[in-house]
>>> print(open('entry13.cif').read())   # mmCIF, C-alpha atoms
data_query
loop_
_atom_site.label_atom_id
_atom_site.label_comp_id
_atom_site.auth_asym_id
_atom_site.auth_seq_id
_atom_site.Cartn_x
_atom_site.Cartn_y
_atom_site.Cartn_z
CA MET G 27 8.09 -10.38 -2.60
CA GLY G 28 4.79 -10.26 -0.73
CA ALA G 29 2.92 -7.36 0.77
CA MET G 30 4.36 -5.30 3.59
CA THR G 31 3.31 -6.60 7.03
CA PRO G 32 3.09 -5.00 10.49
CA ASP G 33 6.24 -6.91 11.45
CA ASP G 34 8.08 -4.89 8.81
CA TYR G 35 7.20 -1.50 10.26
CA LEU G 36 5.89 -1.69 13.85
CA PRO G 37 9.36 -2.05 15.42
CA LEU G 38 10.47 1.04 13.50
CA VAL G 39 7.32 2.96 14.48
CA ARG G 40 7.87 2.17 18.15
CA LEU G 41 11.54 3.07 17.94
CA ALA G 42 10.74 6.37 16.23
CA LEU G 43 8.15 7.35 18.83
CA ARG G 44 10.48 6.45 21.69
CA GLU G 45 13.27 8.41 20.00
CA ASP G 46 11.08 11.52 19.67
CA LEU G 47 9.16 11.40 22.95
CA GLY G 48 11.82 10.05 25.28
CA ASP G 49 10.84 9.51 28.91
CA ARG G 50 8.99 12.79 29.42
CA GLY G 51 6.89 13.06 26.28
CA ASP G 52 6.14 16.19 24.28
CA ILE G 53 6.86 18.81 26.95
CA THR G 54 5.74 21.69 24.70
CA THR G 55 2.40 20.25 23.60
CA ASP G 56 1.59 18.79 27.02
CA ALA G 57 2.05 22.24 28.56
CA VAL G 58 -0.20 23.99 26.04
CA PHE G 59 -3.06 21.44 25.69
CA SER G 60 -4.87 19.25 28.18
CA GLY G 61 -7.94 17.61 26.65
CA GLU G 62 -8.96 19.54 23.55
CA ILE G 63 -10.41 17.60 20.62
CA ALA G 64 -9.99 18.80 17.05
CA GLY G 65 -8.91 17.71 13.61
CA ALA G 66 -6.28 18.35 10.98
CA LEU G 67 -5.71 17.88 7.29
CA LEU G 68 -2.66 16.13 5.91
CA VAL G 69 -1.91 18.06 2.72
CA SER G 70 0.45 17.33 -0.17
CA LYS G 71 2.91 20.11 -0.99
CA ASP G 72 4.58 18.15 -3.77
CA SER G 73 3.94 16.17 -6.95
CA GLY G 74 4.43 12.43 -7.05
CA ILE G 75 3.22 9.08 -5.73
CA LEU G 76 1.81 8.33 -2.29
CA ALA G 77 3.36 5.45 -0.32
CA GLY G 78 3.21 4.59 3.36
CA ALA G 79 -0.37 5.42 4.36
CA GLU G 80 -0.58 2.29 6.49
CA ILE G 81 2.51 3.29 8.47
CA PHE G 82 1.29 6.87 8.96
CA ALA G 83 -1.90 5.50 10.52
CA ALA G 84 0.09 2.98 12.59
CA VAL G 85 2.03 5.80 14.24
CA TYR G 86 -1.18 7.29 15.58
CA ARG G 87 -2.56 3.88 16.60
CA GLU G 88 0.55 3.27 18.66
CA LEU G 89 0.44 6.75 20.17
CA ASP G 90 -3.25 7.12 20.99
CA ARG G 91 -6.16 4.85 20.05
CA ALA G 92 -8.47 7.86 20.33
CA ILE G 93 -7.00 9.25 17.11
CA SER G 94 -8.76 8.41 13.85
CA VAL G 95 -7.00 8.67 10.49
CA THR G 96 -9.06 8.65 7.30
CA PHE G 97 -7.12 8.67 4.06
CA GLN G 98 -8.59 10.42 1.03
CA LYS G 99 -5.85 9.00 -1.22
CA ASN G 100 -4.45 5.49 -1.52
CA ASP G 101 -0.89 4.26 -1.91
CA GLY G 102 0.01 4.45 -5.57
CA ASP G 103 -2.20 7.48 -6.23
CA VAL G 104 -0.72 10.50 -7.97
CA LEU G 105 -0.55 13.56 -5.70
CA GLN G 106 -0.44 17.22 -6.64
CA PRO G 107 0.29 20.24 -4.42
CA GLY G 108 -2.77 21.15 -2.39
CA ASP G 109 -4.33 17.68 -2.42
CA THR G 110 -5.88 16.58 0.84
CA VAL G 111 -4.30 13.22 1.60
CA ALA G 112 -5.84 12.35 4.97
CA VAL G 113 -8.02 13.69 7.77
CA VAL G 114 -6.80 13.20 11.34
CA ASN G 115 -9.23 13.62 14.25
CA GLY G 116 -8.86 13.28 18.01
CA PRO G 117 -7.00 14.78 20.97
CA VAL G 118 -5.02 17.80 19.83
CA ALA G 119 -2.03 16.88 21.99
CA SER G 120 -1.72 13.46 20.35
CA ILE G 121 -2.18 14.85 16.83
CA LEU G 122 0.71 17.25 17.39
CA SER G 123 2.96 14.80 19.25
CA GLY G 124 2.73 12.19 16.47
CA GLU G 125 2.85 14.59 13.53
CA ARG G 126 6.58 14.60 12.80
CA VAL G 127 7.12 10.86 13.18
CA ALA G 128 4.09 10.01 11.03
CA ILE G 129 5.06 12.47 8.30
CA ASN G 130 8.69 11.34 8.34
CA PHE G 131 7.68 7.81 7.37
CA LEU G 132 5.23 9.03 4.73
CA SER G 133 7.69 11.54 3.24
CA PHE G 134 10.49 8.99 2.99
CA LEU G 135 8.42 6.25 1.37
CA SER G 136 6.52 8.61 -0.94
CA GLY G 137 9.88 10.02 -1.99
CA ILE G 138 11.08 6.54 -2.98
CA ALA G 139 7.83 5.76 -4.83
CA SER G 140 7.92 9.10 -6.66
CA GLY G 141 11.58 8.74 -7.64
CA THR G 142 10.95 5.20 -8.83
CA LYS G 143 8.05 6.34 -11.00
CA ARG G 144 10.28 8.92 -12.67
CA PHE G 145 12.80 6.21 -13.56
CA VAL G 146 10.07 3.83 -14.72
CA ASP G 147 8.63 6.47 -17.04
CA ALA G 148 12.06 7.40 -18.42
CA ALA G 149 12.95 3.75 -19.02
CA ALA G 150 9.65 3.12 -20.81
CA ALA G 151 10.24 6.13 -23.04
CA GLY G 152 13.55 4.66 -24.22
CA GLY G 153 12.88 0.95 -24.36
CA ARG G 154 11.43 -2.05 -22.58
CA ALA G 155 13.68 -2.57 -19.56
CA VAL G 156 12.20 -3.10 -16.09
CA VAL G 157 13.54 -0.84 -13.33
CA LEU G 158 14.99 -2.77 -10.37
CA ASP G 159 16.04 -1.60 -6.93
CA THR G 160 19.18 -2.77 -5.07
CA ARG G 161 20.26 -3.62 -1.51
CA LYS G 162 21.44 -0.04 -1.03
CA THR G 163 18.79 0.73 1.56
CA LEU G 164 18.77 2.43 4.94
CA PRO G 165 19.46 -0.32 7.52
CA GLY G 166 16.22 -1.58 9.02
CA TYR G 167 14.11 0.03 6.30
CA ARG G 168 14.66 -2.49 3.51
CA MET G 169 11.20 -4.03 3.46
CA LEU G 170 9.57 -0.60 3.62
CA SER G 171 11.83 0.80 0.91
CA LYS G 172 11.20 -2.14 -1.39
CA TYR G 173 7.45 -1.78 -0.82
CA ALA G 174 7.74 1.87 -1.89
CA VAL G 175 9.65 0.83 -5.02
CA ARG G 176 6.83 -1.53 -5.98
CA THR G 177 4.30 1.21 -5.28
CA GLY G 178 6.17 3.46 -7.71
CA GLY G 179 6.04 0.85 -10.47
CA GLY G 180 9.50 -0.66 -10.07
CA ARG G 181 10.39 -4.24 -9.30
CA ASN G 182 12.41 -5.64 -6.45
CA HIS G 183 15.74 -7.33 -7.04
CA ARG G 184 16.78 -9.78 -4.30
CA THR G 185 15.62 -8.97 -0.78
CA GLY G 186 18.90 -9.92 0.87
CA LEU G 187 21.82 -12.30 0.65
CA TYR G 188 19.55 -15.28 1.28
CA ASP G 189 17.09 -15.43 -1.62
CA MET G 190 19.17 -15.22 -4.81
CA VAL G 191 22.75 -15.96 -5.83
CA LEU G 192 24.64 -12.91 -7.09
CA ILE G 193 28.26 -13.63 -7.94
CA LYS G 194 30.00 -10.26 -7.81
CA ASP G 195 33.48 -9.12 -8.78
CA ASN G 196 35.09 -10.04 -5.46
CA HIS G 197 33.55 -13.52 -5.54
CA ILE G 198 35.07 -13.96 -9.01
CA ASP G 199 38.49 -12.58 -8.08
CA PHE G 200 38.79 -14.56 -4.83
CA SER G 201 37.60 -17.83 -6.39
CA GLY G 202 39.66 -17.43 -9.56
CA SER G 203 37.01 -17.28 -12.29
CA ILE G 204 33.33 -17.04 -13.08
CA THR G 205 33.27 -20.68 -14.08
CA ARG G 206 34.76 -21.82 -10.79
CA ALA G 207 32.38 -19.66 -8.75
CA VAL G 208 29.33 -20.93 -10.65
CA GLU G 209 30.46 -24.54 -10.30
CA ARG G 210 30.83 -24.11 -6.53
CA VAL G 211 27.38 -22.57 -6.23
CA ARG G 212 25.78 -25.38 -8.20
CA SER G 213 27.67 -27.97 -6.20
CA ARG G 214 26.23 -26.47 -3.01
CA TRP G 215 22.71 -25.48 -4.07
CA GLY G 216 21.97 -27.20 -7.36
CA ARG G 217 19.15 -25.32 -9.11
CA GLU G 218 17.47 -24.08 -5.91
CA TYR G 219 18.36 -20.43 -6.55
CA ARG G 220 18.59 -18.21 -9.59
CA ILE G 221 22.19 -17.30 -10.39
CA GLU G 222 23.24 -13.85 -11.52
CA VAL G 223 26.83 -12.95 -12.40
CA GLU G 224 28.33 -9.48 -12.44
CA CYS G 225 30.46 -8.98 -15.55
CA ARG G 226 32.99 -6.20 -16.12
CA THR G 227 34.12 -7.10 -19.64
CA LEU G 228 32.73 -8.74 -22.76
CA GLU G 229 35.02 -11.72 -22.13
CA GLU G 230 33.39 -12.19 -18.73
CA VAL G 231 29.97 -11.98 -20.41
CA ARG G 232 30.97 -14.79 -22.77
CA GLU G 233 32.12 -16.89 -19.82
CA ALA G 234 28.90 -16.28 -17.88
CA LEU G 235 26.81 -17.20 -20.92
CA ALA G 236 28.79 -20.39 -21.39
CA CYS G 237 28.01 -21.29 -17.76
CA GLY G 238 24.29 -20.98 -18.48
CA VAL G 239 23.54 -18.57 -15.63
CA ASP G 240 20.10 -17.00 -15.29
CA VAL G 241 21.07 -13.31 -15.38
CA VAL G 242 24.14 -11.46 -16.62
CA MET G 243 24.75 -8.13 -14.91
CA LEU G 244 26.60 -5.62 -17.09
CA ASP G 245 28.53 -3.58 -14.56
CA ASN G 246 29.36 0.05 -15.38
CA MET G 247 29.48 -0.55 -19.13
CA ASP G 248 28.81 2.24 -21.59
CA GLU G 249 25.96 2.10 -24.09
CA LYS G 250 28.09 0.74 -26.93
CA THR G 251 29.52 -2.08 -24.81
CA VAL G 252 26.09 -2.96 -23.40
CA LYS G 253 24.71 -3.33 -26.93
CA GLU G 254 27.64 -5.57 -27.88
CA ALA G 255 27.07 -7.66 -24.76
CA VAL G 256 23.38 -8.14 -25.50
CA LEU G 257 24.21 -9.30 -29.03
CA LEU G 258 26.30 -12.11 -27.55
CA ARG G 259 23.03 -13.71 -26.44
CA GLU G 260 22.40 -14.62 -30.08
CA GLY G 261 25.49 -16.76 -30.33
CA PRO G 262 27.68 -17.08 -33.46
CA GLY G 263 24.85 -17.42 -35.96
CA SER G 264 22.07 -15.01 -36.79
CA GLY G 265 18.35 -15.56 -36.58
CA HIS G 266 18.48 -17.68 -33.44
CA PHE G 267 19.26 -17.14 -29.78
CA GLU G 268 21.76 -19.61 -28.43
CA HIS G 269 21.28 -18.24 -24.92
CA ALA G 270 17.62 -17.21 -25.22
CA GLY G 271 16.71 -17.93 -21.60
CA ILE G 272 19.43 -15.72 -20.12
CA GLU G 273 18.45 -12.20 -19.07
CA PHE G 274 20.60 -9.07 -19.00
CA GLU G 275 20.74 -6.34 -16.39
CA ALA G 276 22.51 -3.00 -16.82
CA SER G 277 23.87 -1.61 -13.57
CA GLY G 278 26.12 1.14 -12.27
CA ASN G 279 25.64 4.92 -12.11
CA ILE G 280 22.44 4.93 -14.14
CA ASN G 281 20.54 8.17 -13.74
CA LEU G 282 17.44 9.82 -15.18
CA LYS G 283 19.43 11.12 -18.15
CA THR G 284 20.83 7.71 -19.08
CA VAL G 285 18.15 5.21 -18.03
CA GLY G 286 16.15 5.65 -21.25
CA THR G 287 19.20 5.04 -23.40
CA MET G 288 20.16 1.97 -21.38
CA SER G 289 16.59 0.70 -21.60
CA GLY G 290 16.85 0.93 -25.39
CA THR G 291 19.94 -1.28 -25.63
CA GLY G 292 17.95 -4.50 -25.36
CA VAL G 293 18.65 -5.30 -21.71
CA ASP G 294 15.83 -6.80 -19.67
CA TYR G 295 16.52 -4.79 -16.52
CA VAL G 296 18.18 -1.63 -15.32
CA SER G 297 19.05 -1.50 -11.63
CA VAL G 298 19.13 1.88 -9.91
CA GLY G 299 20.56 2.18 -6.41
CA SER G 300 19.74 5.87 -6.10
CA ILE G 301 15.98 5.28 -5.84
CA THR G 302 16.56 4.00 -2.31
CA HIS G 303 19.92 5.42 -1.22
CA SER G 304 19.50 9.03 -2.39
CA VAL G 305 15.89 9.76 -1.58
CA ARG G 306 14.35 13.22 -2.01
CA CYS G 307 11.65 13.16 0.62
CA PHE G 308 8.14 14.12 -0.41
CA ASP G 309 6.77 17.31 1.17
CA PHE G 310 3.64 17.09 3.31
CA SER G 311 2.17 19.43 5.92
CA MET G 312 -0.46 19.15 8.63
CA LYS G 313 -3.04 21.94 8.75
CA THR G 314 -5.46 22.40 11.65
CA GLU G 315 -8.45 23.25 9.50
CA VAL G 316 -10.96 20.57 10.42
CA SER G 317 -13.54 20.76 13.18
CA SER G 318 -14.20 17.61 15.16
#
>>> encode(input="entry13.cif", output="structure tokens")
Amino acid sequence: MGAMTPDDYLPLVRLALREDLGDRGDITTDAVFSGEIAGALLVSKDSGILAGAEIFAAVYRELDRAISVTFQKNDGDVLQPGDTVAVVNGPVASILSGERVAINFLSFLSGIASGTKRFVDAAAAGGRAVVLDTRKTLPGYRMLSKYAVRTGGGRNHRTGLYDMVLIKDNHIDFSGSITRAVERVRSRWGREYRIEVECRTLEEVREALACGVDVVMLDNMDEKTVKEAVLLREGPGSGHFEHAGIEFEASGNINLKTVGTMSGTGVDYVSVGSITHSVRCFDFSMKTEVSS
């Protein structure tokens, strides 16, 4: 997946500003200020990883071109409480009117990046597995959320339903078997897309391996079963890997307490939906402490 582009966030920025300002604008700020010029500091009140600086600045560009935003930290940097993240200068009314929208984007994405980093560190402490995200994202925010995951050190799984084949339990049940589903995919697409199959049992793992898929997802299996599944990659003999090119992904209710253990089972990936669907937003504040 490439870098985040303005097309990924500008529609959301415009929607958020329209949502907050409505037809009449900021009636409080517009009544208190008329043309004053000043500055403010954006300050971290939390510990974690910065993500979303570009979008924060885009909010103010859309609102008032007279506002300047100068970041002291870059996306991916580690933040501590009290760190100055950015300096915002310009009309006071515009600084205040854009504050909440700009911080909302930054808090959400920094929360995803920070949560991802915690999972990445925990996985590395237990083994070698790469942390993946999922499609469990806030509608409309997928590209932004996946950017934040990358910023936090994770890796993106598929972007949507269009860029990778993932044969899940319902595909298997409706079609009749893993083998039948894989055959239909290959009949339609050949080798154009990677094929991943969700497996619920060791027997399903054996079937997926026999089909020569690219990735086997181990769905909601405990540690013992995951280890047994990974051993099936070796085939009946020892000292060789019959299915050496096939990767394994552990998935389902993996949390910070279990990700290290799962990472140590020998899987290649652990996928964690909570890094994008259960975000603890990062805490920032704006302080009017800078003279223009």
>>> residues_around(input="entry13.cif", residues="stretch 29-40 of chain G", least_positions_apart="3", cutoff="7 Å", atoms="all atoms listed in the file", output="PyMOL selection string")
chain G and resi 43-44+81+85+169-170+173
>>> write_last_selection(input="entry13.cif", atoms="C-alpha atoms", output="compact mmCIF listing (two decimals), in the frame of the given file")
# COMPACT_ATOMS: atom_id res chain seq x y z
CA LEU G 43 8.15 7.35 18.83
CA ARG G 44 10.48 6.45 21.69
CA ILE G 81 2.51 3.29 8.47
CA VAL G 85 2.03 5.80 14.24
CA MET G 169 11.20 -4.03 3.46
CA LEU G 170 9.57 -0.60 3.62
CA TYR G 173 7.45 -1.78 -0.82
>>> closest_residue(input="entry13.cif", among="G:Thr205, G:Thr96, G:Ser289, G:Asn182", to="G:Val231", atoms="all atoms listed in the file")
G:Thr205
>>> resolve_selection(input="entry13.cif", expression="the PyMOL selection byres ((chain G and resi 109-112) around 7)", output="list of chain:residue names")
G:Leu67, G:Leu68, G:Val69, G:Ser70, G:Val95, G:Thr96, G:Phe97, G:Gln98, G:Lys99, G:Leu105, G:Gln106, G:Pro107, G:Gly108, G:Val113, G:Val114
>>> closest_residue(input="entry13.cif", among="G:Ser203, G:Asn246, G:Thr160, G:Thr251", to="G:Ala234", atoms="all atoms listed in the file")
G:Ser203
>>> atom_distance(input="entry13.cif", atom1="atom CA of G:Tyr167", atom2="atom CA of G:His303")
10.9 Å
>>> residues_near_point(input="entry13.cif", point="(36.1, -9.6, -13.1)", cutoff="9 Å", atoms="all atoms listed in the file", output="PDB file with C-alpha atoms, keeping the file's coordinate frame")
ATOM      1  CA  LYS G 194      30.000 -10.260  -7.810  1.00  0.00           C
ATOM      2  CA  ASP G 195      33.480  -9.120  -8.780  1.00  0.00           C
ATOM      3  CA  ASN G 196      35.090 -10.040  -5.460  1.00  0.00           C
ATOM      4  CA  HIS G 197      33.550 -13.520  -5.540  1.00  0.00           C
ATOM      5  CA  ILE G 198      35.070 -13.960  -9.010  1.00  0.00           C
ATOM      6  CA  ASP G 199      38.490 -12.580  -8.080  1.00  0.00           C
ATOM      7  CA  SER G 203      37.010 -17.280 -12.290  1.00  0.00           C
ATOM      8  CA  ILE G 204      33.330 -17.040 -13.080  1.00  0.00           C
ATOM      9  CA  GLU G 224      28.330  -9.480 -12.440  1.00  0.00           C
ATOM     10  CA  CYS G 225      30.460  -8.980 -15.550  1.00  0.00           C
ATOM     11  CA  ARG G 226      32.990  -6.200 -16.120  1.00  0.00           C
ATOM     12  CA  THR G 227      34.120  -7.100 -19.640  1.00  0.00           C
ATOM     13  CA  GLU G 230      33.390 -12.190 -18.730  1.00  0.00           C
TER      14      GLU G 230
END
>>> residues_around(input="entry13.cif", residues="G:Gly74", least_positions_apart="2", cutoff="9 Å", atoms="only C-alpha atoms", output="VMD selection string")
chain G and resid 72 76 103 to 106 136 to 137 139 to 141 143 to 144 308
>>> closest_residue(input="entry13.cif", among="G:Phe310, G:Gly179, G:Ser304, G:Ala92", to="G:Arg126", atoms="all atoms listed in the file")
G:Phe310
>>> closest_residue(input="entry13.cif", among="G:Glu275, G:Asp294, G:Asp52, G:Glu62", to="G:Pro117", atoms="all atoms listed in the file")
G:Glu62
>>> atom_distance(input="entry13.cif", atom1="atom CA of G:Trp215", atom2="atom CA of G:Thr185")
18.3 Å
>>> closest_residue(input="entry13.cif", among="G:Gly292, G:Gly216, G:Gly271, G:Gly178", to="G:Asp159", atoms="all atoms listed in the file")
G:Gly178
>>> atom_distance(input="entry13.cif", atom1="atom CA of G:Ala276", atom2="atom CA of G:Met247")
7.7 Å
>>> closest_residue(input="entry13.cif", among="G:Glu222, G:Glu88, G:Glu229, G:Glu249", to="G:Met288", atoms="all atoms listed in the file")
G:Glu249
>>> resolve_selection(input="entry13.cif", expression="the PyMOL selection byres ((chain G and resi 307) around 8)", output="list in words")
Ser133, Phe134, Leu135, Ser136, Gly137, Ile138, Val305, Arg306, Phe308 and Asp309 of chain G
>>> write_last_selection(input="entry13.cif", atoms="C-alpha atoms", output="PDB file, in the coordinates of the input")
ATOM      1  CA  SER G 133       7.690  11.540   3.240  1.00  0.00           C
ATOM      2  CA  PHE G 134      10.490   8.990   2.990  1.00  0.00           C
ATOM      3  CA  LEU G 135       8.420   6.250   1.370  1.00  0.00           C
ATOM      4  CA  SER G 136       6.520   8.610  -0.940  1.00  0.00           C
ATOM      5  CA  GLY G 137       9.880  10.020  -1.990  1.00  0.00           C
ATOM      6  CA  ILE G 138      11.080   6.540  -2.980  1.00  0.00           C
ATOM      7  CA  VAL G 305      15.890   9.760  -1.580  1.00  0.00           C
ATOM      8  CA  ARG G 306      14.350  13.220  -2.010  1.00  0.00           C
ATOM      9  CA  PHE G 308       8.140  14.120  -0.410  1.00  0.00           C
ATOM     10  CA  ASP G 309       6.770  17.310   1.170  1.00  0.00           C
TER      11      ASP G 309
END
>>> residues_near_point(input="entry13.cif", point="(29.3, -18.2, -15.5)", cutoff="7 Å", atoms="all atoms listed in the file", output="list in words")
Ile204, Thr205, Val208, Val223, Glu233, Ala234, Leu235, Ala236, Cys237, Gly238 and Val239 of chain G
>>> resolve_selection(input="entry13.cif", expression="the PyMOL selection byres ((chain G and resi 241) around 6)", output="PyMOL selection string")
chain G and resi 222+239-240+242+272-274
>>> axis_aligned_box(input="entry13.cif", around="stretch 74-88 of chain G", padding_each_side="8 Å", output="JSON")
{"center_x": 0.9, "center_y": 7.4, "center_z": 5.8, "size_x": 23.0, "size_y": 26.1, "size_z": 41.7}
>>> residues_around(input="entry13.cif", residues="G:Ser123", least_positions_apart="3", cutoff="10 Å", atoms="all atoms listed in the file", output="mmCIF file with C-alpha atoms, keeping the file's coordinate frame")
data_model
loop_
_atom_site.group_PDB
_atom_site.id
_atom_site.type_symbol
_atom_site.label_atom_id
_atom_site.label_comp_id
_atom_site.auth_asym_id
_atom_site.auth_seq_id
_atom_site.Cartn_x
_atom_site.Cartn_y
_atom_site.Cartn_z
ATOM 1 C CA LEU G 43 8.150 7.350 18.830
ATOM 2 C CA ASP G 46 11.080 11.520 19.670
ATOM 3 C CA LEU G 47 9.160 11.400 22.950
ATOM 4 C CA GLY G 51 6.890 13.060 26.280
ATOM 5 C CA ASP G 52 6.140 16.190 24.280
ATOM 6 C CA ILE G 53 6.860 18.810 26.950
ATOM 7 C CA THR G 54 5.740 21.690 24.700
ATOM 8 C CA THR G 55 2.400 20.250 23.600
ATOM 9 C CA ASP G 56 1.590 18.790 27.020
ATOM 10 C CA TYR G 86 -1.180 7.290 15.580
ATOM 11 C CA LEU G 89 0.440 6.750 20.170
ATOM 12 C CA VAL G 118 -5.020 17.800 19.830
ATOM 13 C CA ALA G 119 -2.030 16.880 21.990
ATOM 14 C CA SER G 120 -1.720 13.460 20.350
ATOM 15 C CA ARG G 126 6.580 14.600 12.800
ATOM 16 C CA VAL G 127 7.120 10.860 13.180
ATOM 17 C CA ALA G 128 4.090 10.010 11.030
#
>>> decode(input="entry13.cif", residues="stretch 276-294 of chain G", atoms="N, CA and C atoms", output="short mmCIF file (atom, residue, chain, number, x, y, z; two decimals), in the first residue's frame")
data_model
loop_
_atom_site.label_atom_id
_atom_site.label_comp_id
_atom_site.auth_asym_id
_atom_site.auth_seq_id
_atom_site.Cartn_x
_atom_site.Cartn_y
_atom_site.Cartn_z
N ALA G 276 -2.18 -16.09 12.58
CA ALA G 276 -3.06 -16.33 13.73
C ALA G 276 -4.02 -15.16 13.84
N SER G 277 -5.30 -15.47 14.06
CA SER G 277 -6.31 -14.42 14.09
C SER G 277 -7.40 -14.77 15.09
N GLY G 278 -8.01 -13.73 15.65
CA GLY G 278 -9.17 -13.94 16.52
C GLY G 278 -8.90 -13.69 17.98
N ASN G 279 -9.40 -12.55 18.47
CA ASN G 279 -9.35 -12.21 19.90
C ASN G 279 -7.93 -12.19 20.46
N ILE G 280 -6.98 -11.76 19.68
CA ILE G 280 -5.61 -11.63 20.16
C ILE G 280 -5.45 -10.28 20.82
N ASN G 281 -4.93 -10.28 22.03
CA ASN G 281 -4.77 -9.03 22.78
C ASN G 281 -3.33 -8.88 23.22
N LEU G 282 -3.06 -7.80 23.97
CA LEU G 282 -1.67 -7.53 24.38
C LEU G 282 -1.10 -8.62 25.29
N LYS G 283 -1.97 -9.33 25.99
CA LYS G 283 -1.49 -10.39 26.88
C LYS G 283 -1.16 -11.67 26.11
N THR G 284 -1.77 -11.85 24.95
CA THR G 284 -1.59 -13.11 24.22
C THR G 284 -0.77 -12.98 22.95
N VAL G 285 -0.55 -11.74 22.48
CA VAL G 285 0.10 -11.59 21.17
C VAL G 285 1.54 -12.10 21.19
N GLY G 286 2.24 -11.94 22.31
CA GLY G 286 3.61 -12.44 22.40
C GLY G 286 3.66 -13.95 22.33
N THR G 287 2.75 -14.60 23.02
CA THR G 287 2.67 -16.06 23.00
C THR G 287 2.36 -16.56 21.60
N MET G 288 1.38 -15.91 20.94
CA MET G 288 1.03 -16.32 19.58
C MET G 288 2.20 -16.08 18.62
N SER G 289 2.92 -15.01 18.83
CA SER G 289 4.07 -14.71 17.99
C SER G 289 5.15 -15.77 18.12
N GLY G 290 5.21 -16.41 19.29
CA GLY G 290 6.22 -17.43 19.54
C GLY G 290 5.85 -18.82 19.04
N THR G 291 4.68 -18.97 18.44
CA THR G 291 4.24 -20.30 17.99
C THR G 291 4.85 -20.69 16.64
N GLY G 292 5.43 -19.71 15.95
CA GLY G 292 5.98 -20.00 14.63
C GLY G 292 5.16 -19.45 13.49
N VAL G 293 4.04 -18.78 13.80
CA VAL G 293 3.25 -18.17 12.73
C VAL G 293 4.03 -16.99 12.15
N ASP G 294 3.68 -16.63 10.93
CA ASP G 294 4.33 -15.51 10.26
C ASP G 294 3.66 -14.18 10.61
#
